[in-house]
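*Asks:* Got target-v9.txt for you, compact mmCIF, C-alpha atoms:
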```txt
# COMPACT_ATOMS: atom_id res chain seq x y z
CA MET A 776 47.08 -7.31 9.75
CA GLU A 777 47.47 -6.33 6.12
CA GLY A 778 48.57 -8.16 2.99
CA CYS A 779 48.80 -6.60 -0.45
CA VAL A 780 50.35 -6.85 -3.90
CA ASN A 781 52.09 -3.72 -5.19
CA LEU A 782 52.46 -3.45 -8.97
CA GLN A 783 54.72 -0.97 -10.72
CA LEU A 784 55.39 -0.36 -14.40
CA SER A 785 58.96 0.01 -15.60
CA THR A 786 60.06 3.45 -16.76
CA LYS A 787 60.61 2.24 -20.32
CA ASN A 788 56.90 1.44 -20.57
CA VAL A 789 55.51 4.60 -18.98
CA GLY A 790 55.11 6.32 -22.34
CA ILE A 791 53.30 3.35 -23.84
CA PHE A 792 51.02 2.71 -20.90
CA GLU A 793 50.70 6.18 -19.39
CA ALA A 794 46.96 6.12 -20.14
CA PHE A 795 46.42 3.42 -17.54
CA SER A 796 49.56 3.54 -15.36
CA ASN A 797 47.71 5.31 -12.58
CA SER A 798 44.97 2.66 -12.55
CA ILE A 799 47.27 -0.09 -11.23
CA LYS A 800 46.41 0.14 -7.56
CA PRO A 801 47.68 -2.17 -4.80
CA MET A 802 45.68 -5.38 -4.57
CA ASN A 803 44.48 -6.07 -1.04
CA LEU A 804 44.84 -9.75 -0.11
CA ILE A 805 43.93 -9.62 3.56
CA ASN A 806 42.87 -6.91 6.01
CA THR A 807 41.98 -7.86 9.58
CA VAL A 808 41.59 -5.50 12.54
CA ILE A 809 41.12 -6.63 16.16
CA GLU A 810 41.13 -4.84 19.51
CA LEU A 811 43.85 -6.16 21.82
CA ALA A 812 42.88 -4.26 24.97
CA PRO A 813 39.88 -2.11 25.99
CA PRO A 814 40.31 1.55 27.00
CA GLY A 815 41.99 1.98 30.35
CA LYS A 816 45.34 2.43 32.06
CA ILE A 817 48.38 0.22 31.54
CA PRO A 818 50.41 -0.38 34.71
CA VAL A 819 54.02 0.72 34.98
CA GLY A 820 56.52 -1.84 33.70
CA ILE A 821 56.34 -4.43 30.94
CA THR A 822 52.85 -5.50 29.92
CA GLU A 823 52.45 -8.43 27.53
CA ILE A 824 49.16 -8.81 25.64
CA PRO A 825 48.86 -12.16 23.83
CA PHE A 826 46.91 -12.16 20.57
CA GLU A 827 46.00 -14.47 17.73
CA ILE A 828 44.78 -13.54 14.24
CA PRO A 829 43.61 -16.17 11.75
CA LEU A 830 45.41 -15.94 8.42
CA ARG A 831 42.49 -16.25 6.03
CA ALA A 832 42.02 -14.78 2.59
CA ARG A 833 39.26 -12.26 2.02
CA GLN A 834 36.13 -13.31 0.20
CA ALA A 835 36.60 -12.80 -3.52
CA ILE A 836 35.27 -9.36 -4.38
CA SER A 837 36.23 -9.55 -8.07
CA PRO A 838 37.09 -12.28 -10.60
CA GLY A 839 40.77 -11.29 -10.48
CA TYR A 840 41.21 -11.74 -6.72
CA PRO A 841 44.09 -14.25 -6.32
CA GLY A 842 43.65 -15.21 -2.64
CA LEU A 843 46.66 -15.56 -0.36
CA LEU A 844 50.06 -15.64 -2.07
CA GLU A 845 53.58 -16.28 -0.85
CA THR A 846 55.71 -13.36 0.26
CA TYR A 847 57.82 -12.11 -2.65
CA HIS A 848 60.14 -9.13 -3.14
CA GLY A 849 60.62 -8.29 -6.80
CA VAL A 850 61.32 -5.22 -8.91
CA PHE A 851 57.88 -4.55 -10.39
CA VAL A 852 55.79 -6.94 -8.25
CA ASN A 853 55.93 -7.06 -4.45
CA ILE A 854 53.79 -9.27 -2.19
CA MET A 855 54.03 -8.22 1.45
CA TYR A 856 52.26 -8.98 4.72
CA THR A 857 52.49 -6.60 7.67
CA LEU A 858 51.37 -6.52 11.30
CA LYS A 859 50.57 -3.00 12.46
CA CYS A 860 49.82 -1.94 16.02
CA SER A 861 48.60 1.43 17.24
CA MET A 862 47.89 2.69 20.74
CA LYS A 863 45.69 5.73 21.20
CA ARG A 864 46.64 7.89 24.16
CA SER A 865 45.16 10.86 25.96
CA PHE A 866 44.29 14.09 24.19
CA LEU A 867 47.67 15.76 24.80
CA ASN A 868 49.77 12.76 23.71
CA LYS A 869 50.28 11.49 20.19
CA PRO A 870 49.25 7.91 19.33
CA LEU A 871 52.01 5.30 19.15
CA TYR A 872 52.51 3.17 16.03
CA THR A 873 54.73 0.24 15.11
CA SER A 874 54.76 -2.35 12.34
CA CYS A 875 56.47 -5.63 11.55
CA GLN A 876 56.63 -7.57 8.29
CA PHE A 877 56.04 -11.32 8.38
CA PHE A 878 56.44 -13.99 5.74
CA VAL A 879 53.77 -16.27 4.31
CA GLN A 880 54.60 -19.64 2.80
CA TYR A 881 52.34 -22.09 0.98
CA ARG A 882 51.38 -25.47 2.30
CA GLN A 883 53.73 -28.02 0.83
CA GLN A 884 52.50 -29.89 -2.23
CA ASP A 885 53.32 -33.34 -3.53
CA PRO A 886 56.66 -33.52 -5.36
CA ALA A 887 56.41 -32.84 -9.08
CA PRO A 888 57.92 -35.25 -11.63
CA LEU A 889 61.42 -34.46 -12.81
CA LYS A 890 61.71 -32.76 -16.20
CA PRO A 891 65.36 -32.83 -17.23
CA VAL A 892 66.54 -30.81 -20.21
CA ARG A 893 69.67 -31.39 -22.29
CA CYS A 894 71.00 -29.34 -25.17
CA GLU A 895 73.98 -28.78 -27.42
CA ILE A 896 75.04 -25.13 -27.65
CA THR A 897 76.66 -24.40 -31.02
CA PRO A 898 76.69 -21.43 -33.42
CA ALA A 899 73.98 -23.19 -35.44
CA SER A 900 71.70 -23.68 -32.40
CA ILE A 901 72.18 -20.06 -31.30
CA ARG A 902 71.16 -18.79 -34.75
CA ALA A 903 68.24 -21.23 -35.04
CA CYS A 904 66.60 -20.24 -31.74
CA GLY A 905 67.46 -16.55 -31.93
CA GLY A 906 69.81 -16.77 -28.95
CA SER A 907 71.91 -13.93 -27.65
CA LEU A 908 75.25 -12.99 -29.19
CA SER A 909 76.85 -9.80 -27.98
CA ARG A 910 78.42 -8.60 -31.23
CA GLY A 911 80.79 -9.37 -34.08
CA VAL A 912 81.67 -12.70 -35.68
CA MET A 913 80.63 -15.76 -33.71
CA PRO A 914 83.50 -18.14 -32.85
CA GLN A 915 83.25 -21.88 -33.38
CA PHE A 916 82.29 -23.83 -30.27
CA GLN A 917 80.40 -26.88 -29.08
CA ILE A 918 79.08 -26.97 -25.52
CA TYR A 919 76.87 -29.57 -23.84
CA ALA A 920 74.54 -28.40 -21.04
CA GLU A 921 72.16 -30.34 -18.83
CA ILE A 922 69.69 -29.18 -16.17
CA HIS A 923 68.54 -32.08 -13.98
CA THR A 924 64.98 -30.71 -13.79
CA THR A 925 63.20 -27.54 -14.90
CA VAL A 926 60.47 -28.14 -12.28
CA CYS A 927 62.36 -26.94 -9.23
CA PRO A 928 61.35 -27.16 -5.54
CA LEU A 929 62.06 -23.88 -3.77
CA ASP A 930 63.83 -25.56 -0.86
CA LYS A 931 66.27 -27.51 -3.05
CA PRO A 932 69.12 -26.25 -5.25
CA ILE A 933 69.06 -26.16 -9.03
CA THR A 934 71.63 -28.66 -10.30
CA GLY A 935 73.05 -29.77 -13.60
CA LYS A 936 76.31 -29.89 -15.52
CA ILE A 937 78.04 -28.29 -18.48
CA ARG A 938 80.86 -29.53 -20.71
CA VAL A 939 82.93 -27.63 -23.26
CA ASP A 940 83.81 -30.07 -26.04
CA GLU A 941 85.56 -27.60 -28.34
CA CYS A 942 86.05 -23.86 -28.74
CA SER A 943 88.12 -21.94 -31.28
CA VAL A 944 88.90 -19.05 -28.90
CA PRO A 945 89.83 -18.98 -25.19
CA ILE A 946 86.96 -18.78 -22.70
CA LYS A 947 86.98 -16.03 -20.10
CA SER A 948 84.08 -17.12 -17.88
CA ILE A 949 81.02 -19.38 -17.66
CA GLU A 950 78.13 -18.08 -15.55
CA LEU A 951 74.76 -19.29 -14.31
CA GLN A 952 72.11 -16.57 -14.07
CA LEU A 953 68.69 -16.69 -12.39
CA VAL A 954 66.17 -14.27 -13.92
CA ARG A 955 62.70 -13.14 -12.83
CA VAL A 956 60.15 -12.30 -15.52
CA GLU A 957 57.42 -10.03 -14.12
CA THR A 958 54.31 -9.15 -16.09
CA CYS A 959 51.83 -6.63 -14.73
CA GLY A 960 49.07 -4.43 -16.09
CA CYS A 961 45.33 -4.42 -16.66
CA ALA A 962 42.81 -4.84 -19.46
CA GLU A 963 44.31 -1.98 -21.50
CA GLY A 964 47.76 -3.56 -21.75
CA TYR A 965 50.61 -5.33 -19.99
CA SER A 966 54.23 -4.59 -19.19
CA LYS A 967 56.71 -7.50 -19.19
CA ASP A 968 60.23 -7.13 -17.79
CA ALA A 969 63.07 -9.56 -17.09
CA THR A 970 65.60 -8.70 -14.36
CA GLU A 971 68.48 -10.59 -12.79
CA ILE A 972 68.10 -12.12 -9.33
CA GLN A 973 71.56 -13.61 -8.92
CA ASN A 974 74.58 -14.59 -11.00
CA ILE A 975 77.05 -17.35 -10.11
CA GLN A 976 80.36 -17.94 -11.87
CA ILE A 977 80.82 -21.66 -12.48
CA GLY A 978 83.94 -21.52 -14.63
CA ASP A 979 86.84 -19.06 -14.48
CA GLY A 980 89.26 -18.83 -17.37
CA ASP A 981 89.76 -21.19 -20.29
CA VAL A 982 88.23 -24.33 -18.78
CA CYS A 983 89.41 -27.83 -19.71
CA ARG A 984 87.78 -29.40 -22.73
CA GLY A 985 85.70 -32.53 -22.33
CA ARG A 986 85.31 -32.15 -18.53
CA HIS A 987 81.93 -31.88 -16.81
CA ILE A 988 81.51 -28.76 -14.66
CA PRO A 989 78.73 -29.12 -12.04
CA LEU A 990 75.97 -26.52 -11.82
CA TYR A 991 74.64 -25.72 -8.35
CA MET A 992 72.46 -22.77 -7.38
CA VAL A 993 70.57 -22.25 -4.11
CA LEU A 994 67.38 -20.23 -4.59
CA PRO A 995 67.22 -17.02 -2.48
CA ARG A 996 64.28 -16.96 -0.07
CA LEU A 997 63.09 -13.36 -0.38
CA PHE A 998 63.44 -12.98 -4.14
CA THR A 999 61.78 -16.19 -5.33
CA CYS A 1000 58.33 -17.70 -4.88
CA PRO A 1001 56.21 -20.34 -6.62
CA THR A 1002 55.57 -19.46 -10.25
CA THR A 1003 52.39 -17.36 -10.10
CA THR A 1004 49.81 -16.45 -12.73
CA THR A 1005 46.83 -14.19 -12.00
CA VAL A 1006 44.57 -11.90 -14.02
CA ASN A 1007 46.62 -8.77 -13.26
CA PHE A 1008 50.18 -10.07 -12.97
CA LYS A 1009 52.51 -13.02 -13.49
CA ILE A 1010 55.76 -14.02 -11.80
CA GLU A 1011 57.90 -16.42 -13.82
CA PHE A 1012 61.53 -17.51 -13.66
CA GLU A 1013 64.24 -18.45 -16.14
CA LEU A 1014 67.77 -19.82 -15.99
CA ASN A 1015 70.51 -18.56 -18.31
CA ILE A 1016 73.84 -20.21 -19.04
CA ALA A 1017 76.22 -17.51 -20.28
CA VAL A 1018 79.59 -18.19 -21.91
CA ILE A 1019 81.92 -15.19 -22.13
CA PHE A 1020 84.91 -15.53 -24.44
CA GLU A 1021 88.27 -13.86 -23.87
CA ASP A 1022 87.50 -11.09 -26.37
CA ASP A 1023 84.21 -10.42 -24.49
CA TYR A 1024 81.91 -12.14 -26.98
CA LEU A 1025 78.90 -13.47 -25.10
CA VAL A 1026 76.48 -16.28 -25.93
CA THR A 1027 73.59 -17.39 -23.70
CA GLU A 1028 71.21 -20.32 -23.55
CA ASN A 1029 67.84 -19.80 -21.86
CA PHE A 1030 65.83 -22.37 -19.86
CA PRO A 1031 62.34 -21.45 -18.54
CA ILE A 1032 61.85 -23.08 -15.13
CA LEU A 1033 58.82 -23.75 -12.93
CA LEU A 1034 59.24 -23.12 -9.19
CA LEU A 1035 57.04 -25.02 -6.72
CA ARG A 1036 56.71 -25.45 -2.96
CA THR A 1037 56.93 -29.23 -2.48
CA ARG A 1038 57.23 -31.64 0.43
```
As structure tokens, please, write out the structure in this file.

*Replies:*
Amino acid sequence: MEGCVNLQLSTKNVGIFEAFSNSIKPMNLINTVIELAPPGKIPVGITEIPFEIPLRARQAISPGYPGLLETYHGVFVNIMYTLKCSMKRSFLNKPLYTSCQFFVQYRQQDPAPLKPVRCEITPASIRACGGSLSRGVMPQFQIYAEIHTTVCPLDKPITGKIRVDECSVPIKSIELQLVRVETCGCAEGYSKDATEIQNIQIGDGDVCRGRHIPLYMVLPRLFTCPTTTTVNFKIEFELNIAVIFEDDYLVTENFPILLLRTR
């Protein structure tokens, strides 16, 4: 049984960090080997060999050892656990190998208190916080957005609402985007990259003014995990509300979120 964390630098950072890119080796979280059957012959037919392996973290061999972590499939950080089985055969026959990935999930924690966030999205707020505008002259608009909580249990959807109070140009689409922010590296430097996990359209066309549009996003199992911070890497998550106008102008509002495994 093996468990490891694989770290990879993005290509845009290879030139900056090429001095230490080869030093980012997989981090071993667990490595257990047991013998299922002694040497001998296996009878013809189906033979079932029951086994049990305790899922325990290794003893910390360095200050940066994070212990057991939840299974996570990202772009630059991957946390995987695998069962591998091999059977050695006679001299003239090759050994047989097979493997199977399994998923590790934290023990559930007590529910965290709700932390709602509300904001007004206007040209002034976009300029003040350095928000994203695709190009050209910014149209006049006033949009109200609310996320019911930025501390989000992994087994519950992210919910909220958005309302367009006024807009000087027609709206083409309103989208809700979930983003992973992965940081990895070592003492010499770190690489931080944000990539999209999923994007949901919540408004199509020039939506009605003054009407609340509900926000609802179910978190994908394989591509999310509890927000994680270790010495060598971090896994964080953000939520973006993107408004695309008919002439393809784009404005976004960003909300950092904390993901937890709760009861």

*Asks:* Build an axis-aligned box that encloses every atom of range 874-880 of chain A listed in the file, pad it by 6 Å on each side, and report its centre and edge lengths in Å to one decimal, as JSON.

*Replies:*
```
{"center_x": 55.2, "center_y": -11.0, "center_z": 7.6, "size_x": 14.9, "size_y": 29.3, "size_z": 21.5}
```

*Asks:* Hey, can you check how far CA of Pro1031 in chain A sits from CA of Pro841 in chain A?

*Replies:*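 These two atoms are separated by 23.1 Å.
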
*Asks:* One number please: CA of Val993 in chain A to CA of Phe878 in chain A, in Å, one decimal.

*Replies:* 19.1 Å

*Asks:* Between A:Ala969, A:Leu843, A:Leu782, A:Leu858, which has the minimum distance to Ile799 in chain A (counting all atoms listed in the file)?

*Replies:*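 Using all atoms listed in the file, the shortest distance to Ile799 in chain A belongs to A:Leu782.
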
*Asks:* Do you have the CA of Glu823 in chain A-CA of Glu810 in chain A distance handy?

*Replies:* 14.3 Å
